[in-house]
file protein-v1.cif (mmCIF, C-alpha atoms)
data_data
#
loop_
_atom_site.label_atom_id
_atom_site.label_comp_id
_atom_site.auth_asym_id
_atom_site.auth_seq_id
_atom_site.Cartn_x
_atom_site.Cartn_y
_atom_site.Cartn_z
CA MET A 3 -130.15 -7.80 17.77
CA ASP A 4 -132.31 -4.81 16.81
CA SER A 5 -131.64 -3.11 13.49
CA ILE A 6 -129.57 0.07 13.40
CA ARG A 7 -131.39 3.17 14.48
CA PRO A 8 -130.97 6.42 12.55
CA ALA A 9 -127.58 8.03 13.11
CA ARG A 10 -127.33 10.16 16.22
CA SER A 11 -124.96 12.98 16.92
CA CYS A 12 -121.88 12.37 19.04
CA PRO A 13 -122.63 13.16 22.71
CA PHE A 14 -119.09 14.47 23.21
CA CYS A 15 -118.59 16.89 20.30
CA ARG A 16 -122.06 16.72 18.68
CA GLY A 17 -120.56 15.71 15.35
CA SER A 18 -122.25 13.29 12.95
CA ILE A 19 -121.59 9.56 13.17
CA LYS A 20 -121.36 6.78 10.60
CA PRO A 21 -120.88 2.98 10.60
CA ILE A 22 -117.32 1.66 10.29
CA TYR A 23 -117.65 -2.12 10.85
CA ARG A 24 -119.49 -4.78 12.82
CA MET A 25 -118.36 -6.92 15.74
CA ASP A 26 -120.51 -10.04 15.66
CA ASP A 27 -124.06 -8.60 15.61
CA PHE A 28 -123.04 -5.19 16.94
CA GLN A 29 -122.63 -2.22 14.58
CA ILE A 30 -119.73 0.06 15.51
CA VAL A 31 -120.14 3.71 14.55
CA GLN A 32 -117.69 6.59 14.67
CA CYS A 33 -117.95 10.36 15.00
CA GLY A 34 -116.46 12.05 11.96
CA THR A 35 -115.27 14.99 14.06
CA CYS A 36 -113.74 13.68 17.30
CA LEU A 37 -113.37 10.02 16.17
CA THR A 38 -115.10 8.65 19.26
CA CYS A 39 -116.74 5.26 18.59
CA THR A 40 -119.75 3.56 20.10
CA VAL A 41 -122.37 0.89 19.40
CA ALA A 42 -125.56 1.60 17.43
CA PRO A 43 -128.02 0.89 18.72
CA LEU A 44 -126.78 0.86 22.29
CA PRO A 45 -127.98 -2.18 24.26
CA ARG A 46 -131.27 -1.81 26.09
CA GLU A 47 -131.31 -1.80 29.89
CA ASP A 48 -132.80 -5.29 30.00
CA GLU A 49 -130.00 -6.58 27.72
CA LEU A 50 -127.37 -5.09 30.00
CA ARG A 51 -129.06 -6.54 33.08
CA ARG A 52 -129.07 -10.02 31.53
CA PHE A 53 -125.40 -9.71 30.58
CA TYR A 54 -124.27 -8.58 34.01
CA ASP A 55 -126.61 -10.86 35.98
CA GLY A 56 -124.32 -13.42 37.52
CA PHE A 57 -121.26 -11.68 36.06
CA LEU A 58 -118.49 -13.25 38.10
CA PHE A 59 -116.69 -10.78 40.30
CA GLN A 60 -113.14 -11.94 40.84
CA ALA A 61 -110.64 -10.07 42.97
CA ASN A 62 -107.60 -11.34 44.79
CA PRO A 63 -106.77 -9.57 48.06
CA ARG A 64 -103.10 -9.80 47.06
CA ASN A 65 -103.85 -7.27 44.30
CA LEU A 66 -103.71 -4.62 47.01
CA GLU A 67 -99.91 -4.88 46.75
CA HIS A 68 -100.14 -3.34 43.26
CA TYR A 69 -101.81 -0.25 44.72
CA ARG A 70 -99.74 0.30 47.84
CA THR A 71 -96.62 1.29 45.93
CA ARG A 72 -94.32 4.25 46.26
CA GLU A 73 -95.28 5.43 42.75
CA ILE A 74 -99.00 5.51 43.56
CA GLU A 75 -98.44 7.16 46.93
CA CYS A 76 -96.38 9.94 45.30
CA TRP A 77 -99.02 10.29 42.58
CA LEU A 78 -101.81 10.69 45.13
CA ARG A 79 -99.81 13.18 47.18
CA SER A 80 -99.06 15.24 44.04
CA PHE A 81 -102.67 16.47 44.05
CA ALA A 82 -101.96 18.38 47.27
CA LEU A 83 -105.30 17.45 48.81
CA ARG A 84 -106.35 18.93 52.11
CA ALA A 85 -105.59 17.10 55.33
CA GLU A 86 -108.07 14.30 56.03
CA ALA A 87 -109.38 14.45 52.48
CA ARG A 88 -112.51 12.58 51.46
CA MET A 89 -112.05 10.20 48.51
CA LEU A 90 -114.53 8.33 46.29
CA ASP A 91 -113.53 5.18 44.39
CA VAL A 92 -116.07 4.59 41.60
CA GLY A 93 -116.56 0.98 40.52
CA GLY A 94 -112.88 0.26 41.02
CA GLY A 95 -113.00 -3.51 40.97
CA GLY A 96 -113.45 -3.99 44.70
CA GLY A 97 -112.08 -0.81 46.24
CA PHE A 98 -108.31 -1.32 46.06
CA MET A 99 -107.52 2.35 45.40
CA ALA A 100 -109.85 3.38 48.22
CA ARG A 101 -108.02 1.05 50.61
CA ALA A 102 -104.62 2.29 49.44
CA PHE A 103 -105.74 5.90 49.95
CA GLU A 104 -106.46 5.14 53.60
CA SER A 105 -103.26 3.11 53.96
CA PHE A 106 -101.28 6.19 52.95
CA GLU A 107 -103.16 8.12 55.69
CA LEU A 108 -104.47 10.65 53.20
CA GLY A 109 -107.98 10.67 54.62
CA HIS A 110 -111.24 8.75 54.47
CA SER A 111 -112.47 6.82 51.44
CA CYS A 112 -115.82 5.67 50.12
CA TYR A 113 -116.42 2.93 47.56
CA VAL A 114 -119.45 2.86 45.24
CA ASP A 115 -120.37 0.04 42.86
CA LEU A 116 -123.47 -1.47 41.27
CA ASP A 117 -122.05 -4.97 41.79
CA PRO A 118 -123.11 -6.32 45.23
CA LYS A 119 -120.26 -8.86 45.20
CA ALA A 120 -117.69 -6.11 44.67
CA CYS A 121 -119.24 -4.18 47.56
CA THR A 122 -119.13 -7.22 49.84
CA PHE A 123 -115.47 -7.73 48.95
CA ALA A 124 -114.65 -4.08 49.65
CA ARG A 125 -116.38 -4.20 53.03
CA ASP A 126 -115.59 -7.69 54.31
CA VAL A 127 -112.18 -8.39 52.76
CA LEU A 128 -110.56 -4.98 52.34
CA GLY A 129 -112.17 -3.57 55.47
CA LEU A 130 -113.64 -0.39 54.00
CA THR A 131 -116.24 1.12 56.29
CA GLU A 132 -118.14 3.26 53.77
CA VAL A 133 -119.38 1.12 50.88
CA LEU A 134 -122.38 2.05 48.72
CA ASN A 135 -124.11 -0.49 46.49
CA LEU A 136 -125.61 2.25 44.29
CA ASP A 137 -125.39 3.96 40.91
CA VAL A 138 -122.92 6.85 41.17
CA CYS A 139 -125.34 8.93 39.08
CA ASP A 140 -127.78 8.87 42.02
CA LEU A 141 -125.26 10.07 44.60
CA PRO A 142 -125.33 13.87 44.02
CA GLU A 143 -128.92 14.01 45.28
CA GLN A 144 -128.40 11.50 48.09
CA LEU A 145 -125.15 12.55 49.74
CA PRO A 146 -124.97 15.69 51.92
CA TYR A 147 -121.20 16.00 51.42
CA ARG A 148 -118.75 16.23 48.52
CA PHE A 149 -115.35 14.67 47.74
CA ASP A 150 -111.84 16.06 47.45
CA PHE A 151 -110.69 13.26 45.16
CA ILE A 152 -112.66 10.95 42.86
CA TYR A 153 -110.98 8.00 41.14
CA CYS A 154 -112.70 6.21 38.26
CA ARG A 155 -110.64 3.67 36.34
CA HIS A 156 -112.03 1.97 33.21
CA VAL A 157 -115.70 2.25 34.08
CA VAL A 158 -117.26 4.89 31.81
CA GLU A 159 -116.68 2.82 28.67
CA HIS A 160 -119.08 0.22 30.12
CA VAL A 161 -122.12 2.48 30.52
CA PRO A 162 -124.66 3.55 27.87
CA ASP A 163 -124.48 7.23 28.90
CA PRO A 164 -120.91 8.22 29.83
CA ILE A 165 -121.76 11.95 29.73
CA ARG A 166 -124.35 11.48 32.48
CA MET A 167 -121.87 9.54 34.60
CA MET A 168 -119.08 12.07 34.10
CA SER A 169 -121.43 14.93 34.97
CA ALA A 170 -122.57 13.16 38.14
CA MET A 171 -118.99 12.65 39.29
CA THR A 172 -118.11 16.31 38.75
CA GLU A 173 -121.21 17.27 40.77
CA LEU A 174 -119.78 15.21 43.62
CA LEU A 175 -116.56 17.25 43.70
CA ALA A 176 -115.96 19.75 46.45
CA ASP A 177 -114.45 23.10 45.51
CA GLY A 178 -110.87 22.34 44.55
CA GLY A 179 -111.67 18.63 44.31
CA VAL A 180 -110.07 16.49 41.61
CA LEU A 181 -111.59 13.84 39.34
CA GLU A 182 -109.15 11.34 37.82
CA LEU A 183 -110.89 9.55 34.98
CA ILE A 184 -109.04 6.70 33.24
CA LEU A 185 -110.43 5.04 30.11
CA PRO A 186 -109.22 3.48 26.85
CA ASN A 187 -107.70 5.85 24.28
CA GLY A 188 -109.99 5.14 21.34
CA ILE A 189 -107.42 5.83 18.60
CA SER A 190 -104.31 4.41 20.27
CA LEU A 191 -102.21 2.08 18.13
CA GLU A 192 -100.25 0.65 21.05
CA TYR A 193 -102.04 -2.72 21.02
CA LEU A 194 -100.70 -3.36 17.51
CA GLY A 195 -97.41 -4.07 19.24
CA TYR A 196 -99.05 -6.91 21.20
CA PRO A 197 -100.90 -8.95 18.51
CA SER A 198 -102.04 -11.63 20.94
CA MET A 199 -104.21 -9.03 22.68
CA LEU A 200 -106.12 -8.41 19.43
CA ARG A 201 -107.01 -12.00 18.48
CA LYS A 202 -110.47 -11.93 20.04
CA ARG A 203 -111.33 -8.61 18.37
CA ILE A 204 -110.16 -9.85 14.99
CA SER A 205 -112.32 -12.98 15.29
CA ARG A 206 -115.38 -10.89 16.22
CA ILE A 207 -114.86 -8.48 13.32
CA LEU A 208 -114.41 -11.39 10.88
CA ARG A 209 -117.71 -12.86 12.04
CA GLY A 210 -119.44 -9.49 11.69
CA ASN A 211 -117.86 -8.71 8.30
CA PRO A 212 -117.47 -12.07 6.53
CA GLN A 213 -116.40 -10.35 3.30
CA TRP A 214 -113.31 -8.93 5.03
CA SER A 215 -109.90 -10.60 5.18
CA ARG A 216 -107.52 -10.52 8.11
CA ALA A 217 -105.26 -8.27 6.06
CA LYS A 218 -108.07 -5.73 5.69
CA ILE A 219 -108.74 -5.77 9.43
CA TRP A 220 -105.08 -5.08 10.18
CA ALA A 221 -105.13 -2.28 7.60
CA VAL A 222 -108.18 -0.76 9.31
CA PHE A 223 -106.48 -1.07 12.70
CA THR A 224 -103.66 1.20 11.50
CA THR A 225 -106.18 3.99 10.87
CA SER A 226 -108.28 6.09 13.23
CA ARG A 227 -110.99 3.41 12.96
CA ILE A 228 -109.19 1.06 15.33
CA ALA A 229 -111.79 1.89 18.04
CA HIS A 230 -109.47 0.73 20.81
CA GLY A 231 -111.50 -0.31 23.83
CA ILE A 232 -114.71 -1.30 22.02
CA ASP A 233 -115.88 -4.75 23.15
CA PRO A 234 -119.70 -4.89 23.11
CA ILE A 235 -121.73 -5.71 25.10
CA ARG A 236 -119.14 -5.16 27.81
CA HIS A 237 -117.32 -2.07 26.48
CA LEU A 238 -119.66 0.28 24.63
CA TRP A 239 -117.36 3.24 23.94
CA ALA A 240 -113.94 4.06 22.48
CA ILE A 241 -113.54 7.70 23.50
CA THR A 242 -110.81 10.01 22.20
CA LYS A 243 -108.84 12.98 23.46
CA LEU A 244 -110.74 15.19 21.02
CA GLY A 245 -114.02 13.93 22.45
CA LEU A 246 -113.00 14.59 26.04
CA SER A 247 -111.67 18.02 25.06
CA ALA A 248 -115.00 18.93 23.46
CA TRP A 249 -116.83 17.90 26.64
CA ALA A 250 -114.37 19.81 28.85
CA HIS A 251 -114.79 22.93 26.70
CA ARG A 252 -118.43 23.05 27.80
CA ARG A 253 -117.43 22.91 31.47
CA PRO A 254 -116.03 26.31 32.55
CA ASP A 255 -116.44 25.20 36.17
CA LEU A 256 -113.57 22.73 35.70
CA LYS A 257 -109.87 23.12 35.09
CA THR A 258 -108.98 20.11 32.97
CA SER A 259 -105.95 18.41 31.46
CA ILE A 260 -105.90 15.36 29.22
CA LYS A 261 -103.05 12.97 28.50
CA THR A 262 -102.33 9.35 27.60
CA ALA A 263 -100.28 6.62 29.27
CA PRO A 264 -98.84 3.33 27.94
CA LEU A 265 -99.80 -0.20 28.90
CA SER A 266 -96.65 -0.39 31.04
CA ASP A 267 -97.43 2.68 33.18
CA PRO A 268 -97.19 1.78 36.91
CA ILE A 269 -99.99 4.18 37.93
CA TYR A 270 -102.61 3.99 35.20
CA SER A 271 -102.00 0.42 34.03
CA ILE A 272 -101.58 -1.23 37.40
CA TYR A 273 -102.06 -4.87 36.41
CA ASN A 274 -99.90 -4.89 33.28
CA THR A 275 -96.70 -3.24 34.47
CA GLN A 276 -95.10 -6.29 36.07
CA ARG A 277 -95.95 -8.58 33.14
CA LEU A 278 -94.50 -6.18 30.56
CA THR A 279 -91.30 -5.53 32.49
CA SER A 280 -90.62 -8.94 34.06
CA THR A 281 -87.68 -9.91 31.80
CA TRP A 282 -85.14 -8.01 29.75
CA ARG A 283 -86.82 -9.23 26.56
CA ALA A 284 -90.20 -7.97 27.77
CA ARG A 285 -88.67 -4.64 28.81
CA LEU A 286 -86.99 -4.24 25.44
CA HIS A 287 -90.16 -5.10 23.53
CA THR A 288 -92.24 -2.74 25.66
CA ALA A 289 -89.75 0.09 25.23
CA LEU A 290 -89.79 -0.34 21.45
CA VAL A 291 -93.60 -0.31 21.35
CA ASN A 292 -93.75 2.79 23.56
CA GLN A 293 -91.23 4.65 21.40
CA THR A 294 -92.92 3.74 18.12
CA LEU A 295 -96.64 2.92 18.14
CA GLY A 296 -97.13 4.63 21.48
CA ARG A 297 -95.92 7.92 20.09
CA VAL A 298 -98.22 8.02 17.06
CA ARG A 299 -101.51 8.66 18.86
CA GLY A 300 -100.56 8.14 22.47
CA GLY A 301 -100.69 5.19 24.84
CA CYS A 302 -103.71 2.93 25.30
CA HIS A 303 -104.89 4.73 28.46
CA LEU A 304 -106.62 8.12 28.23
CA ILE A 305 -106.59 10.21 31.40
CA LEU A 306 -108.76 13.21 32.19
CA SER A 307 -107.82 15.26 35.27
CA ALA A 308 -110.53 17.75 36.24
CA ARG A 309 -110.28 20.10 39.20
CA ARG A 310 -113.48 21.85 40.28
CA LEU A 311 -113.14 25.61 40.51
CA SER A 312 -114.78 27.59 43.29
CA GLN A 313 -117.80 29.72 42.45
CA LYS A 314 -115.46 32.63 41.88
CA GLY A 315 -113.33 30.55 39.53
CA ILE A 316 -110.47 30.43 42.04
CA VAL A 317 -109.45 27.25 43.82
#

call {"tool": "encode", "arguments": {"input": "protein-v1.cif", "output": "structure tokens"}}
result
Amino acid sequence: MDSIRPARSCPFCRGSIKPIYRMDDFQIVQCGTCLTCTVAPLPREDELRRFYDGFLFQANPRNLEHYRTREIECWLRSFALRAEARMLDVGGGGGFMARAFESFELGHSCYVDLDPKACTFARDVLGLTEVLNLDVCDLPEQLPYRFDFIYCRHVVEHVPDPIRMMSAMTELLADGGVLELILPNGISLEYLGYPSMLRKRISRILRGNPQWSRAKIWAVFTTSRIAHGIDPIRHLWAITKLGLSAWAHRRPDLKTSIKTAPLSDPIYSIYNTQRLTSTWRARLHTALVNQTLGRVRGGCHLILSARRLSQKGIV
């Protein structure tokens, strides 16, 4: 791995950054202002290509049942989109939300993904008719139309330049269009209530910081240096509410709101809800975590809702 490059400023709030710990050979750094974490240096394009080359795409068609629920239908309808709305599903693991959107007869959907296997699945298995095997950052210049609703779930933390990706998606919004961006809440403590989910991270930090004990790692995890969501080379960012707020402050063309959601949320945490509520013991444990650790710095999911204003600032 290359040596650490000189500290850069945070792309979200432009604050200064400093190292906090290593994960294997990767140095994790944190912004001292908004607490967003990333990897320094970020992997090169050729490193990312090697990692994702042959990356096994796995999707079960039965997962569509998790998306075609009453909760998700009500959530989608709450945006009060125009009739026959146009929706974009960005790298959504095969296009399940895009297919659900059409199932609810809300309009027409498009799926975009860099993974050709995910695109084949979306087209041939889910039956989506508009599937683009492209980088979403290239779409604003290529598409002659814009979208009323854009859904992007747990994608931006994978890319070296999340600001560029977020900007591209907002450029793809029609006037009054809504972007729903879901990503890990970088300072959430919720995972501390599920220790088994942290074992891999602890092992990686121990390898990267051999002078540390497990007790020290757990002590660090209780602070703002938990960097929830960081998992290089796969996850490159642990972004915070403060970071998103700083970015949104520079976008007067958007009306934004930011919130968090727990691991058990049926809309934002689609694949975990059933597992965490399957028995009374699981429901009790989940409720206790939500009411304790989940309240300290919010749930593990961070959600940005951005509605594009018209040129006159009126939707």

call {"tool": "resolve_selection", "arguments": {"input": "protein-v1.cif", "expression": "the PyMOL selection byres ((chain A and resi 214-231) around 8)", "output": "VMD selection string"}}
result
chain A and resid 22 32 37 to 39 159 186 to 191 194 204 207 to 208 211 to 213 232 to 233 237 239 to 240 302

call {"tool": "resolve_selection", "arguments": {"input": "protein-v1.cif", "expression": "the PyMOL selection byres ((chain A and resi 77) around 12)", "output": "PyMOL selection string"}}
result
chain A and resi 69-76+78-83+99+102-103+106+108+182+268-270

call {"tool": "residues_around", "arguments": {"input": "protein-v1.cif", "residues": "Leu130 of chain A", "least_positions_apart": "5", "cutoff": "12 Å", "atoms": "all atoms listed in the file", "output": "PDB file with C-alpha atoms, keeping the file's coordinate frame"}}
result
ATOM      1  CA  LEU A  90    -114.530   8.330  46.290  1.00  0.00           C
ATOM      2  CA  ASP A  91    -113.530   5.180  44.390  1.00  0.00           C
ATOM      3  CA  GLY A  96    -113.450  -3.990  44.700  1.00  0.00           C
ATOM      4  CA  GLY A  97    -112.080  -0.810  46.240  1.00  0.00           C
ATOM      5  CA  PHE A  98    -108.310  -1.320  46.060  1.00  0.00           C
ATOM      6  CA  MET A  99    -107.520   2.350  45.400  1.00  0.00           C
ATOM      7  CA  ALA A 100    -109.850   3.380  48.220  1.00  0.00           C
ATOM      8  CA  ARG A 101    -108.020   1.050  50.610  1.00  0.00           C
ATOM      9  CA  ALA A 102    -104.620   2.290  49.440  1.00  0.00           C
ATOM     10  CA  PHE A 103    -105.740   5.900  49.950  1.00  0.00           C
ATOM     11  CA  GLU A 104    -106.460   5.140  53.600  1.00  0.00           C
ATOM     12  CA  SER A 105    -103.260   3.110  53.960  1.00  0.00           C
ATOM     13  CA  HIS A 110    -111.240   8.750  54.470  1.00  0.00           C
ATOM     14  CA  SER A 111    -112.470   6.820  51.440  1.00  0.00           C
ATOM     15  CA  CYS A 112    -115.820   5.670  50.120  1.00  0.00           C
ATOM     16  CA  TYR A 113    -116.420   2.930  47.560  1.00  0.00           C
ATOM     17  CA  VAL A 114    -119.450   2.860  45.240  1.00  0.00           C
ATOM     18  CA  ALA A 120    -117.690  -6.110  44.670  1.00  0.00           C
ATOM     19  CA  CYS A 121    -119.240  -4.180  47.560  1.00  0.00           C
ATOM     20  CA  THR A 122    -119.130  -7.220  49.840  1.00  0.00           C
ATOM     21  CA  PHE A 123    -115.470  -7.730  48.950  1.00  0.00           C
ATOM     22  CA  ALA A 124    -114.650  -4.080  49.650  1.00  0.00           C
ATOM     23  CA  ARG A 125    -116.380  -4.200  53.030  1.00  0.00           C
TER      24      ARG A 125
END

call {"tool": "atom_distance", "arguments": {"input": "protein-v1.cif", "atom1": "atom CA of Leu175 of chain A", "atom2": "atom CA of Thr262 of chain A"}}
result
22.9 Å

call {"tool": "closest_residue", "arguments": {"input": "protein-v1.cif", "among": "A:Thr131, A:Arg283, A:Leu183, A:Leu238", "to": "Val41 of chain A", "atoms": "only C-alpha atoms"}}
result
A:Leu238

call {"tool": "atom_distance", "arguments": {"input": "protein-v1.cif", "atom1": "atom CA of Arg52 of chain A", "atom2": "atom CA of Phe28 of chain A"}}
result
16.5 Å

call {"tool": "closest_residue", "arguments": {"input": "protein-v1.cif", "among": "A:Ser259, A:Gln276, A:Ser11, A:Thr242", "to": "Ser307 of chain A", "atoms": "only C-alpha atoms"}}
result
A:Ser259

call {"tool": "build_atoms", "arguments": {"input": "protein-v1.cif", "residues": "segment 67-80 of chain A", "atoms": "N, CA and C atoms", "output": "compact mmCIF listing (two decimals), in the coordinates of the input"}}
result
# COMPACT_ATOMS: atom_id res chain seq x y z
N GLU A 67 -101.35 -5.19 46.83
CA GLU A 67 -99.91 -4.88 46.75
C GLU A 67 -99.60 -4.00 45.54
N HIS A 68 -100.38 -4.13 44.46
CA HIS A 68 -100.14 -3.34 43.26
C HIS A 68 -100.52 -1.87 43.46
N TYR A 69 -101.34 -1.61 44.47
CA TYR A 69 -101.81 -0.25 44.72
C TYR A 69 -101.02 0.45 45.82
N ARG A 70 -100.48 -0.32 46.73
CA ARG A 70 -99.74 0.30 47.84
C ARG A 70 -98.26 0.40 47.48
N THR A 71 -97.99 1.11 46.39
CA THR A 71 -96.62 1.29 45.93
C THR A 71 -96.17 2.72 46.16
N ARG A 72 -94.87 2.91 46.09
CA ARG A 72 -94.32 4.25 46.26
C ARG A 72 -94.78 5.16 45.12
N GLU A 73 -94.86 4.61 43.90
CA GLU A 73 -95.28 5.43 42.75
C GLU A 73 -96.70 5.95 42.93
N ILE A 74 -97.61 5.08 43.39
CA ILE A 74 -99.00 5.51 43.56
C ILE A 74 -99.13 6.46 44.74
N GLU A 75 -98.38 6.23 45.79
CA GLU A 75 -98.44 7.16 46.93
C GLU A 75 -97.98 8.56 46.50
N CYS A 76 -96.88 8.64 45.76
CA CYS A 76 -96.38 9.94 45.30
C CYS A 76 -97.38 10.59 44.35
N TRP A 77 -98.01 9.77 43.51
CA TRP A 77 -99.02 10.29 42.58
C TRP A 77 -100.19 10.89 43.34
N LEU A 78 -100.69 10.19 44.34
CA LEU A 78 -101.81 10.69 45.13
C LEU A 78 -101.43 11.97 45.88
N ARG A 79 -100.24 11.99 46.43
CA ARG A 79 -99.81 13.18 47.18
C ARG A 79 -99.57 14.37 46.26
N SER A 80 -99.32 14.13 44.97
CA SER A 80 -99.06 15.24 44.04
C SER A 80 -100.29 16.13 43.84
